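A short write-up of the structure that comes next.
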Amino acid sequence: MRPTRPLLAVDGLRKLYPVGKQRIWRRGAAPSFLHAVDGVSFTVGQSETIGLVGESGCGKSTIVRLIARLLDVTEGSIRFDGEEIGKVPARHFGVAPQRAQIQMVFQDATDSLNPRFTAFRAIADPLLRLQRLSGSALRARVEEAARLTGLPQELLSRFPHQLSGGQKARVGIARAIAVEPRLLILDEPTSALDVSVQVVILRLLQDLKRQLDLSYLFVSHDLNVVRLLCDRILVMYLGHIVESGPAGRVFAAPAHPYTQALLSAVPKPGTAGGRSSRIGLPGEPRSPIDPAPQICPLYGRCGRATEKCTTAMPALRAIAPGQFVACHYPNTAPAAKPQPLAAIA
Amino acid sequence: MIGDGNAVPLLAVENLGVEFRTRSGTVRAVDGIGFELRRGETMALVGESGSGKSVTAYAIMGILDAAARITSGTIMFGGLELLCAGERAITEIRGRELAIIFQNPRTALNPIRTVGGQIADILLRHGNVTAAQAPGRAIEMLAKVRIPDPERRARSYPFELSGGMCQRVMIAMALACAPQLLIADEPTTGLDITTQAVIMDLIAELAASQRMATLLITHDLGLAAEYCDRIAVMHAGHIVETAPTVALFATPRHPYTAKLIAATPGGAPSLEALAAIPGALPDLRRGDLPLCRYSERCERAAPACVERPLPRQVVEEGRRVACHFPL
Amino acid sequence: MTAALRHARYVLGENPVTAFAFALFFVFALCAALGPALAPYDPLASNAGESLAGPSAAHWFGTDQLGRDILSRIVVATRLDLGIATTAVVLAFAIGALSGLAAGYYGGWIDRIVGRAVDTIMAFPLFVLAMGIVAALGNSVANIVIATAIINLPIYARLARAEANVRRGAGFVEAARLCGNSEARIVLGQLLPNILPLMMVQVSLTLGYAILNAAGLSFIGLGVRPPTAEWGIMVAEGASFIVSGEWWVAFFPGIVLMTAVFCFNLMGDGLRDIVDPQRRT
């Protein structure tokens with residue numbers, strides 16, 4: 001382990017959205033808030049790939065937008081290379097010195113490209129705005145970025161609707177690396193792509209990471225992809241990190257009941273009848289609006305729940321070197337007791 | 001659940017060809033495909049986008065786009081030839097014997113009608129129920145697909161339900177009249193992985209209890225492997241290989257199948273082990289498409305692949321490969 | 001670019017009516033540009049001896065009550081009518097599109113102000129409002145332009161607002177922020193090019209309406225004054241002669257006016273097909 005400070009350090013991050021009608025004349029009633037991100041802390045080291053997994057509503061999209069400074073932070077700190085950037089309002093971050101160092105690749109490449117811009121213009125955008133390049137210097141950088149992402153030069157003059165899914169994905173990546181960022185956030189970059197294209201893009205991302213010495217924050221719902229690409233993974237549920245650790249360890253021996261349910265839901269090719277070992281999560285997720293701070297977010301769906309789970313919110317504790325779980329009853333046995341799929345699922 | 005030894009398959013597609021007339025040319029979306037499905041069997045049509053799997057499903061249901069033309073082939077369903085049958089006969093069996101559930105359940109449901117009402121509509125159209133009985137039966141169906149509090153939910157509108165619940169409603173609508181064949185067109189794309197598992201388990205369970213055959217259309221090889229007895233792999237409008245699931249993974253015979261399995265992250269031990277599939281899908285509007293549409297991407301290609309018509313070799317019992325030089 | 005032209009040729013080929021409209025527009029544009037050079041006679045030259053002469057070889061459209069050649073007056077009037085309409089539409093488009101974009105993108109108080117302004121304009125029957133504006137500001141061509149621009153503002157503002165609203169959550173807007181674009185630059189540099197095609201279609205459609213508006217105001221005596229040649233005035237002057245049998249004085253200007261409006265409407269539909277086939281009516 002290099003004894004350098006982490007590239008990104010997130011501490012106690014919270015994002016709350018006010019919900020319901022804000023009645024100015026209703027005295028005494030406190031406004032309600034939706035807790036999209038509820039006290040998240042983690043670090044991303046130099047040249048590390050961190051995977052962020054979780055299902056819809058867990059807050060992973062919100063977290064990456066907070067880190068990319070597209071959203072304002074409600075509480076908590078974000079330190080990038082030692083500097084506090086969480087306090088800078090999102091609308092002013094465009095001119096901050098760190099803007100070019102944190103970039104993002106989006107899930108839907110089609111949606112993330114301006115339909116009226118050619119590929120060249122799209123890739124040139126950050127160079128024009130953040131590095132004020134022009135003329136031949138601009139052209140050289142754009143062509144370099146295209147070359148690095150394997151985008152043929154003749155495609156640079158095309159519009160998004162003239163490009164294939166894989167090509168659009170490359171344009172999105174080229175735009176993100178053009179300004180030489182240090183942290184690249186990848187929000188489900190391959191989920192809209194065919195399997196054959198996905199392999200190529202994943203390999204490309206791996207190569208780019210080595211060539212350009214990048215750190216990745218890789219958000220995905222596809223656990224198989226995360227397993228292949230990431231050094232460490234963070235499992236999220238309802239705005240909390242419930243488990244974190246080296247990817248191999250977490251996949252082989254998940255300790256949190258949610259992680260176990262998630263992993264058991266992944267279809268396994270080459271085996272038939274994975275159903276019998278399915279771990280189910282009966283019921284619906286708890287409401288993210290004004291959640292009681294002392295009740296574990298998984299309470300009500302968890303087979304191991306006891307009284308303690310409603311009186312003390314479990315905090316992330318180390319159960320093995322580098323592996324942390326937020327559970328009062330973590331269980332690292334590889335095949336946890338299967339919950340029969342209850343009548344209500 | 002492998003179907004019993006019925007000699008006559010429930011669904012038999014033979015030499016089906018579909019093309020689309022578009023502004024930029026005629027797209028030969030599906031060309032000469034054939035497969036069979038027996039009662040109670042589950043089969044998957046696996047392929048990437050553009051492989052023609054959804055077109056096949058729509059052709060069976062008779063809901064192809066107006067620009068589509070069926071150029072060849074027959075589809076026999078339970079003794080009825082679907083492509084020649086009159087409109088009346090088709091609408092009778094569609095919904096009753098033959099049902100389909102779609103991707104993106106929330107958009108496939110009528111947004112201005114309660115979910116209970118939509119199920120009741122199907123029952124009234126196809127089932128032998130009176131108008132008085134229909135709402136009650138609809139609530140029964142909702143309970144059958146394990147929607148909690150079905151009486152109250154029956155009065156909900158689709159926008160009030162989550163994606164997983166909407167898909168359950170679609171399953172309820174599809175299964176309301178106990179069809180013999182259920183076509184599931186990418187039913188879990190866009191759903192969370194735990195919801196996906198629950199939905200697929202539900203379909204499997206209901207299919208087993210009603211001895212219903214299932215045709216699963218998907219791009220996810222892992223999903224097909226877990227839920228289906230047999231898999232047909234499609235590429236550029238052709239079925240390149242059909243085999244029982246275990247055999248397909250153990251010994252793929254078509255080069256594309258082998259490459260597809262090697263490209264799927266689920267089974268690979270590391271990123272380096274993932275294999276990319278060289279080349280790209282051929283443009284299906286071309287007039288000069290080679291007879292084997294995979295030959296341009298195949299390392300084993302030979303002149304015969306371009307000139308000789310594709311064989312439909314029966315390699316072993318229950319396996320077919322469309323390749324002159326199978327692995 | 002060439003793909004757009006090819007698509008344009010395809011649309012025009014499929015739709016002969018649209019092709020005809022484009023050809024007609026070209027004729028009008030030519031008349032507006034060359035105006036007096038094309039007119040066979042001086043439009044202001046009165047000739048009492050030839051007053052109220054019917055259509056003939058010498059005067060294709062006949063002469064009016066002062067003996068002026070109607071065809072010449074119509075050709076020359078093209079420049080004025082088209083000029084008024086075009087200026088008004090350009091003004092309406094510029095102000096309407098920008099304010100609508102801002103309202104749709106930023107929301108908040110900008111949206112409220114623009115919304116109320118648009119609602120206020122639309123609360124009136126638009127022609128009556130135009131009359132009121134010209135009456136208040138004074139009888140001149142400039143004021144007709146202003147009045148026509150004001151009453152056509154709302155449609156651009158609403159269109160721009162709706163489009164901006166839809167697009168402001170798009171991925172490329174977020175990506176633009178990551179690239180260091182300020183909000184203003186996003187609105188003008190990223191969103192505006194996306195709504196321009198639709199705006200162009202609307203411009204063409206509005207032109208027809210604006211011509212009608214300008215002619216209508218002149219018809220009732222507001223705006224352009226005699227002896228200036230203008231389609232609306234010519235119809236007004238000719239109206240009194242219909243009863244006595246000299247139908248051509250009002251008929252020809254009226255027909256040309258109608259054809260111009262028709263032509264712009266058809267062109268608008270054709271443009272819409274070329275620009276955005278999904279939105280075909």
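Following the order of the structure tokens, chains are lettered A, B, ..., residues in each are numbered from 1, and ligands are numbered from 1.
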
Determine, counting only C-alpha atoms, which protein, DNA and RNA residues have an atom within 10 Å of an atom of His35 of chain A; residues of the same chain fewer than 3 positions away are not included. Present the result as a count of residues only.
18

Could you list, with a cut-off of 10 Å and counting only C-alpha atoms, the residues of segment 43-160 of chain B near segment 257-274 of chain B, each shown with its nearest atom pair and the distance in Å rounded to one decimal, rows sorted by chain and ascending number, as a Markdown table?
| residue | atom | partner | partner_atom | distance |
| --- | --- | --- | --- | --- |
| B:Val46 | CA | B:Thr257 | CA | 9.9 |
| B:Gly47 | CA | B:Leu260 | CA | 9.0 |
| B:Glu48 | CA | B:Leu260 | CA | 9.4 |

Write to file, as a PDB file, in the first residue's frame, the residues of the selection just made, with C-alpha atoms.
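Everything below was put into result16.pdb:
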ATOM      1  CA  VAL B  46     -30.996 -15.738 -27.120  1.00  0.00           C
ATOM      2  CA  GLY B  47     -29.324 -13.117 -29.235  1.00  0.00           C
ATOM      3  CA  GLU B  48     -27.919  -9.640 -29.298  1.00  0.00           C
TER       4      GLU B  48
END

Residues at most 12 Å from Cys292 of chain B, counting only C-alpha atoms, excluding those fewer than 4 positions away in the same chain, as a PyMOL selection string?
chain B and resi 31-32+235-240+254-256+282+288+296-298+300-312+321-325

Close residues, segment 51-59 of chain B itself excluded, 9 Å, only C-alpha atoms, min 4 positions apart in chain, as a tab-separated table (two decimals) with N, CA and C atoms, in the first residue's frame:
chain	number	residue	atom	x	y	z
B	16	LEU	N	-39.14	-19.79	-41.30
B	16	LEU	CA	-39.79	-18.49	-41.22
B	16	LEU	C	-38.88	-17.39	-41.75
B	17	GLY	N	-39.43	-16.53	-42.58
B	17	GLY	CA	-38.67	-15.40	-43.10
B	17	GLY	C	-39.50	-14.13	-42.96
B	18	VAL	N	-38.92	-13.08	-42.41
B	18	VAL	CA	-39.63	-11.80	-42.26
B	18	VAL	C	-38.73	-10.70	-42.77
B	29	ALA	N	-34.89	-9.27	-41.82
B	29	ALA	CA	-34.69	-9.40	-40.39
B	29	ALA	C	-34.56	-10.84	-39.93
B	30	VAL	N	-35.37	-11.71	-40.51
B	30	VAL	CA	-35.34	-13.12	-40.11
B	30	VAL	C	-35.35	-13.96	-41.38
B	33	ILE	N	-35.73	-19.45	-40.26
B	33	ILE	CA	-35.51	-20.04	-38.94
B	33	ILE	C	-36.58	-21.07	-38.63
B	45	LEU	N	-34.87	-17.88	-26.69
B	45	LEU	CA	-34.29	-17.37	-27.93
B	45	LEU	C	-33.29	-16.31	-27.50
B	46	VAL	N	-32.03	-16.64	-27.62
B	46	VAL	CA	-31.00	-15.74	-27.12
B	46	VAL	C	-30.29	-15.08	-28.28
B	47	GLY	N	-30.07	-13.79	-28.17
B	47	GLY	CA	-29.32	-13.12	-29.24
B	47	GLY	C	-29.10	-11.68	-28.87
B	63	ILE	N	-48.36	-9.81	-34.34
B	63	ILE	CA	-48.42	-8.38	-34.04
B	63	ILE	C	-47.24	-7.64	-34.65
B	64	LEU	N	-46.82	-8.09	-35.81
B	64	LEU	CA	-45.72	-7.41	-36.47
B	64	LEU	C	-46.14	-6.04	-36.95
B	65	ASP	N	-45.14	-5.19	-37.09
B	65	ASP	CA	-45.34	-3.85	-37.62
B	65	ASP	C	-45.95	-3.90	-39.02
B	70	ILE	N	-44.11	-11.18	-44.19
B	70	ILE	CA	-43.63	-12.55	-43.96
B	70	ILE	C	-43.38	-13.16	-45.33
B	75	ILE	N	-46.01	-21.42	-39.29
B	75	ILE	CA	-46.01	-21.47	-37.82
B	75	ILE	C	-47.21	-22.29	-37.41
B	83	LEU	N	-50.02	-18.49	-39.89
B	83	LEU	CA	-49.80	-17.50	-40.95
B	83	LEU	C	-50.92	-17.53	-42.00
B	100	ILE	N	-48.49	-13.10	-24.35
B	100	ILE	CA	-47.17	-12.48	-24.42
B	100	ILE	C	-47.05	-11.45	-23.32
B	183	ILE	N	-45.16	-16.24	-24.26
B	183	ILE	CA	-43.95	-15.65	-24.82
B	183	ILE	C	-43.55	-14.49	-23.92
B	184	ALA	N	-42.33	-14.51	-23.43
B	184	ALA	CA	-41.85	-13.44	-22.53
B	184	ALA	C	-40.74	-12.69	-23.25
B	185	ASP	N	-41.04	-11.48	-23.71
B	185	ASP	CA	-40.07	-10.71	-24.49
B	185	ASP	C	-39.28	-9.80	-23.57
B	186	GLU	N	-38.09	-10.23	-23.21
B	186	GLU	CA	-37.23	-9.46	-22.32
B	186	GLU	C	-37.98	-8.97	-21.09
B	215	LEU	N	-41.65	-19.40	-23.94
B	215	LEU	CA	-40.62	-19.00	-24.88
B	215	LEU	C	-40.04	-17.70	-24.36
B	217	ILE	N	-37.54	-14.64	-24.60
B	217	ILE	CA	-36.70	-13.87	-25.51
B	217	ILE	C	-35.77	-13.04	-24.65
B	218	THR	N	-34.48	-13.19	-24.82
B	218	THR	CA	-33.57	-12.44	-23.97
B	218	THR	C	-32.21	-12.28	-24.62
B	234	MET	N	-29.48	-16.99	-31.62
B	234	MET	CA	-29.75	-16.32	-32.89
B	234	MET	C	-28.67	-15.31	-33.22
B	235	HIS	N	-28.39	-15.21	-34.50
B	235	HIS	CA	-27.43	-14.21	-34.96
B	235	HIS	C	-27.88	-13.69	-36.32
B	236	ALA	N	-28.09	-12.39	-36.39
B	236	ALA	CA	-28.42	-11.74	-37.68
B	236	ALA	C	-29.56	-12.43	-38.40
B	237	GLY	N	-30.59	-12.79	-37.69
B	237	GLY	CA	-31.76	-13.34	-38.34
B	237	GLY	C	-31.72	-14.84	-38.57
B	238	HIS	N	-30.67	-15.50	-38.16
B	238	HIS	CA	-30.60	-16.96	-38.27
B	238	HIS	C	-30.55	-17.57	-36.89
B	239	ILE	N	-31.04	-18.81	-36.79
B	239	ILE	CA	-30.79	-19.56	-35.57
B	239	ILE	C	-29.54	-20.39	-35.84
B	281	LEU	N	-22.22	-6.97	-36.66
B	281	LEU	CA	-23.38	-7.54	-37.31
B	281	LEU	C	-23.41	-7.06	-38.77

Using only C-alpha atoms and a distance of at most 12 Å, pull out the residues of chain C that contact chain A, as a count of residues only.
31

Atom CA of Gly57 of chain A and atom CA of Ser162 of chain B, how far apart in Å?
11.6 Å

From a DSSP pass on the backbone, collect the residues of segment 100-304 of chain B flagged as alpha helix (DSSP H) and hand them back as a PyMOL selection string.
chain B and resi 105-108+115-126+134-144+150-153+163-175+193-210+221-227+245-250+255-263+303-304

So which residues touch His126 of chain B within 12 Å, counting only C-alpha atoms, skipping near sequence neighbours fewer than 5 positions away, as a list in words?
Thr91, Glu92, Ile93, Arg94, Gly95, Arg96, Glu97, Leu98, Ala99, Ile119, Ala120, Asp121, Ala134, Met173, Ala174, Leu175, Ala176, Cys177, Ala178 and Pro179 of chain B

Would you mind exporting the chosen residues as a tab-separated table (two decimals), in the first residue's frame, restricted to C-alpha atoms?
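Resulting contents of again-v3.tsv:
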chain	number	residue	atom	x	y	z
B	91	THR	CA	-57.88	-13.06	-32.36
B	92	GLU	CA	-59.65	-15.98	-30.75
B	93	ILE	CA	-56.47	-17.72	-29.71
B	94	ARG	CA	-54.41	-14.63	-29.09
B	95	GLY	CA	-54.78	-13.88	-25.42
B	96	ARG	CA	-56.41	-17.17	-24.64
B	97	GLU	CA	-54.08	-19.93	-25.85
B	98	LEU	CA	-51.16	-17.74	-26.77
B	99	ALA	CA	-50.02	-14.94	-24.49
B	119	ILE	CA	-57.29	-8.04	-16.14
B	120	ALA	CA	-61.08	-8.13	-16.10
B	121	ASP	CA	-61.13	-6.95	-19.70
B	134	ALA	CA	-64.81	-10.70	-13.77
B	173	MET	CA	-53.11	-10.59	-17.57
B	174	ALA	CA	-51.16	-13.04	-19.69
B	175	LEU	CA	-52.04	-16.03	-17.54
B	176	ALA	CA	-55.64	-15.08	-16.87
B	177	CYS	CA	-57.03	-17.56	-19.35
B	178	ALA	CA	-54.46	-20.28	-18.72
B	179	PRO	CA	-52.70	-20.14	-22.08

Do you know which residues are at most 8 Å from Leu217 of chain A counting only C-alpha atoms, after dropping those on the same chain fewer than 5 positions away, and could you put them as a PDB file with C-alpha atoms, in the first residue's frame?
ATOM      1  CA  VAL A  44     -10.901   6.042  -3.344  1.00  0.00           C
ATOM      2  CA  THR A  49     -11.206   0.937  -9.017  1.00  0.00           C
ATOM      3  CA  ILE A  50     -14.059   1.089  -6.551  1.00  0.00           C
ATOM      4  CA  GLY A  51     -17.328  -0.557  -7.449  1.00  0.00           C
ATOM      5  CA  LEU A  52     -20.586   0.883  -6.172  1.00  0.00           C
ATOM      6  CA  LEU A 183     -10.912  10.401 -11.103  1.00  0.00           C
ATOM      7  CA  LEU A 184     -13.319   8.962 -13.622  1.00  0.00           C
ATOM      8  CA  ILE A 185     -16.838   8.165 -12.494  1.00  0.00           C
ATOM      9  CA  LEU A 186     -18.508   5.535 -14.645  1.00  0.00           C
TER      10      LEU A 186
END

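The smallest atom-to-atom distance between chain A and any of B:Gly136, B:Gly86, B:Pro252, B:Ser49, using only C-alpha atoms, is found for B:Ser49.
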
So that I can check the surroundings of Thr245 of chain B, please list as a VMD selection string every protein, DNA and RNA residue that reaches within 7 Å of it, counting only C-alpha atoms and ignoring chain neighbours fewer than 4 positions away.
chain B and resid 225 228 to 231 249

Just to be explicit: take each residue in the selection above, keep C-alpha atoms, and write the result as a PDB file, in the first residue's frame.
ATOM      1  CA  ALA B 225     -29.295 -20.735 -18.700  1.00  0.00           C
ATOM      2  CA  CYS B 228     -34.730 -22.689 -19.679  1.00  0.00           C
ATOM      3  CA  ASP B 229     -34.453 -26.305 -20.711  1.00  0.00           C
ATOM      4  CA  ARG B 230     -33.373 -25.477 -24.220  1.00  0.00           C
ATOM      5  CA  ILE B 231     -31.687 -22.521 -25.821  1.00  0.00           C
ATOM      6  CA  PHE B 249     -22.654 -24.672 -22.277  1.00  0.00           C
TER       7      PHE B 249
END

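Straight-line separation from atom CA of Gln198 of chain A to atom CA of Gly165 of chain A: 10.1 Å.
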
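Distance check against Met258 of chain C using only C-alpha atoms: of C:Ile211, C:Leu205, C:Ile242, C:Val141, the minimum falls on C:Ile211.
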